[in-house]
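Student: Below is one structure. I have some questions about it.
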Amino acid sequence: MTTKIHTAVDGNGRPLAVIVTGGQRNDQAMLAGVLDEIVVPRRGVSRVRPDAVIADRAYSSGVARRLLRSRKITAVIPQKSDEIAARQRRGSAGGRPPAFDEIRYKQRNLIERSFALLKQWRGLATRYDKLAIVYRAAVVLSACITWTRHLGDMP
């Protein structure tokens, strides 16, 4: 009965990748899948790796940070308060805190605005569809409309 939308957006809030899962699914488990879905076509080689991932505290584990580091992607993720406390309890054995760019993190509102735009569709907000594929189709259609609005502004 519940559904989660895992998405990646560009610097202007336009969707680049969308995955729909059950509501009980962990956000971190889908991070690799969402990153694999990103393809930005360009002349020559398509771009598949973002410069940075700006995410909330749900992605703050070492597993997610190692995944991003292995793909050479900058992680802009704040630490959870319990992670900070655990590191401080260990003292010098706890290591250094991960780097965090507060200025860049302010751009996270783009993803929140993207979800707010999705929830303007009553069918997406209330989850009328019984099949996940139909629900995902509505999410993709919403993304297409978002991109069409952007491309309509171009000469």
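We name chains A, B, ... following the order of the structure tokens; residues begin at 1 in each chain, and ligands are numbered from 1 as shown.
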To test your reading of the structure, identify every residue in chain A that backbone DSSP assigns to helix (DSSP H, G or I), and report it as an MDAnalysis selection string.
Tutor: chainID A and resid 28:37 57:59 62:70 81:89 91:94 102:118 122:126 132:152
Student: Would you mind listing, for every residue of range 3-25 of chain A within 9 Å of range 96-117 of chain A, the two atoms forming the shortest contact and the distance between them in Å to one decimal, using only C-alpha atoms, sorted by chain and ascending residue number, as a Markdown table?
Tutor:
| residue | atom | partner | partner_atom | distance |
| --- | --- | --- | --- | --- |
| A:Ile5 | CA | A:Phe115 | CA | 8.9 |
| A:Thr7 | CA | A:Ile111 | CA | 8.3 |
| A:Ala8 | CA | A:Ile111 | CA | 7.7 |
| A:Val9 | CA | A:Ile111 | CA | 6.5 |
| A:Asp10 | CA | A:Leu110 | CA | 8.5 |
| A:Gly11 | CA | A:Leu110 | CA | 7.4 |
| A:Asn12 | CA | A:Leu110 | CA | 7.0 |
| A:Gly13 | CA | A:Leu110 | CA | 5.0 |
| A:Arg14 | CA | A:Ser114 | CA | 7.2 |
| A:Pro15 | CA | A:Ser114 | CA | 7.7 |
Student: Just the residues within 8 Å of range 126-139 of chain A, please, counting only C-alpha atoms, with nothing from its chain fewer than 3 positions along; format it as an mmCIF file with C-alpha atoms, in the first residue's frame.
Tutor:
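Produced file selection28.cif, reproduced below:
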data_model
loop_
_atom_site.group_PDB
_atom_site.id
_atom_site.type_symbol
_atom_site.label_atom_id
_atom_site.label_comp_id
_atom_site.auth_asym_id
_atom_site.auth_seq_id
_atom_site.Cartn_x
_atom_site.Cartn_y
_atom_site.Cartn_z
ATOM 1 C CA THR A 2 2.936 2.364 0.412
ATOM 2 C CA THR A 3 5.427 3.454 -2.200
ATOM 3 C CA VAL A 18 13.638 7.572 -11.028
ATOM 4 C CA ILE A 19 13.151 4.279 -9.198
ATOM 5 C CA VAL A 20 9.907 3.263 -7.480
ATOM 6 C CA THR A 21 10.030 0.756 -4.600
ATOM 7 C CA LEU A 118 5.348 15.604 -8.063
ATOM 8 C CA ARG A 122 -3.321 13.849 -7.002
ATOM 9 C CA GLY A 123 -2.736 10.354 -8.375
ATOM 10 C CA SER A 142 5.608 14.024 -14.693
ATOM 11 C CA ALA A 143 9.377 14.119 -15.299
#
Student: With only C-alpha atoms as the basis for distance, which of A:Leu141, A:Ala55, A:Leu68, A:Val40 is at the shortest distance from Trp121 in chain A?
Tutor: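 Among A:Leu141, A:Ala55, A:Leu68, A:Val40, it is A:Leu141 that comes nearest to Trp121 in chain A.
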Student: Mind pulling up the distance from CA of Ser46 in chain A to CA of Gly152 in chain A?
Tutor: 22.6 Å
Student: In Å, with one decimal, what is the gap from CA of Ala75 in chain A to CA of Arg89 in chain A?
Tutor: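 These atoms are spaced 24.0 Å apart.
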Student: Write out as an NGL selection string the set of residues from range 22-79 of chain A that DSSP, computed on the backbone, places in strand (DSSP E).
Tutor: :A and (22 or 52-54 or 74-76)
Student: Could you state the separation of CA of His6 in chain A and CA of Asp82 in chain A in Å, given to one decimal place?
Tutor: 24.7 Å
Student: Find the residues near Asp51 in chain A: any atom within 10 Å, counting only C-alpha atoms, skip ones fewer than 6 places away on the same chain, and give them as an MDAnalysis selection string.
Tutor: chainID A and resid 72:75
Student: Keeping only N, CA and C atoms, write the selected residues as a PDB file, in the first residue's frame.
Tutor:
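Printed below is selection-v7.pdb as written:
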ATOM      1  N   LYS A  72      34.126   8.265  -7.126  1.00  0.00           N
ATOM      2  CA  LYS A  72      34.724   9.608  -7.226  1.00  0.00           C
ATOM      3  C   LYS A  72      33.658  10.697  -7.276  1.00  0.00           C
ATOM      4  N   ILE A  73      32.662  10.562  -6.391  1.00  0.00           N
ATOM      5  CA  ILE A  73      31.579  11.531  -6.274  1.00  0.00           C
ATOM      6  C   ILE A  73      31.688  12.177  -4.895  1.00  0.00           C
ATOM      7  N   THR A  74      31.626  13.494  -4.850  1.00  0.00           N
ATOM      8  CA  THR A  74      31.677  14.215  -3.585  1.00  0.00           C
ATOM      9  C   THR A  74      30.375  14.014  -2.820  1.00  0.00           C
ATOM     10  N   ALA A  75      30.476  13.629  -1.563  1.00  0.00           N
ATOM     11  CA  ALA A  75      29.301  13.431  -0.712  1.00  0.00           C
ATOM     12  C   ALA A  75      29.067  14.685   0.123  1.00  0.00           C
TER      13      ALA A  75
END
Student: With only C-alpha atoms as the counted atoms, please give the residues lying no more than 10 Å from Ala29 in chain A, apart from itself and same-chain residues fewer than 3 positions off, as a list in words.
Tutor: Arg25, Asn26, Ala32, Gly33, Val34, Tyr59, Val63 and Ala64 of chain A
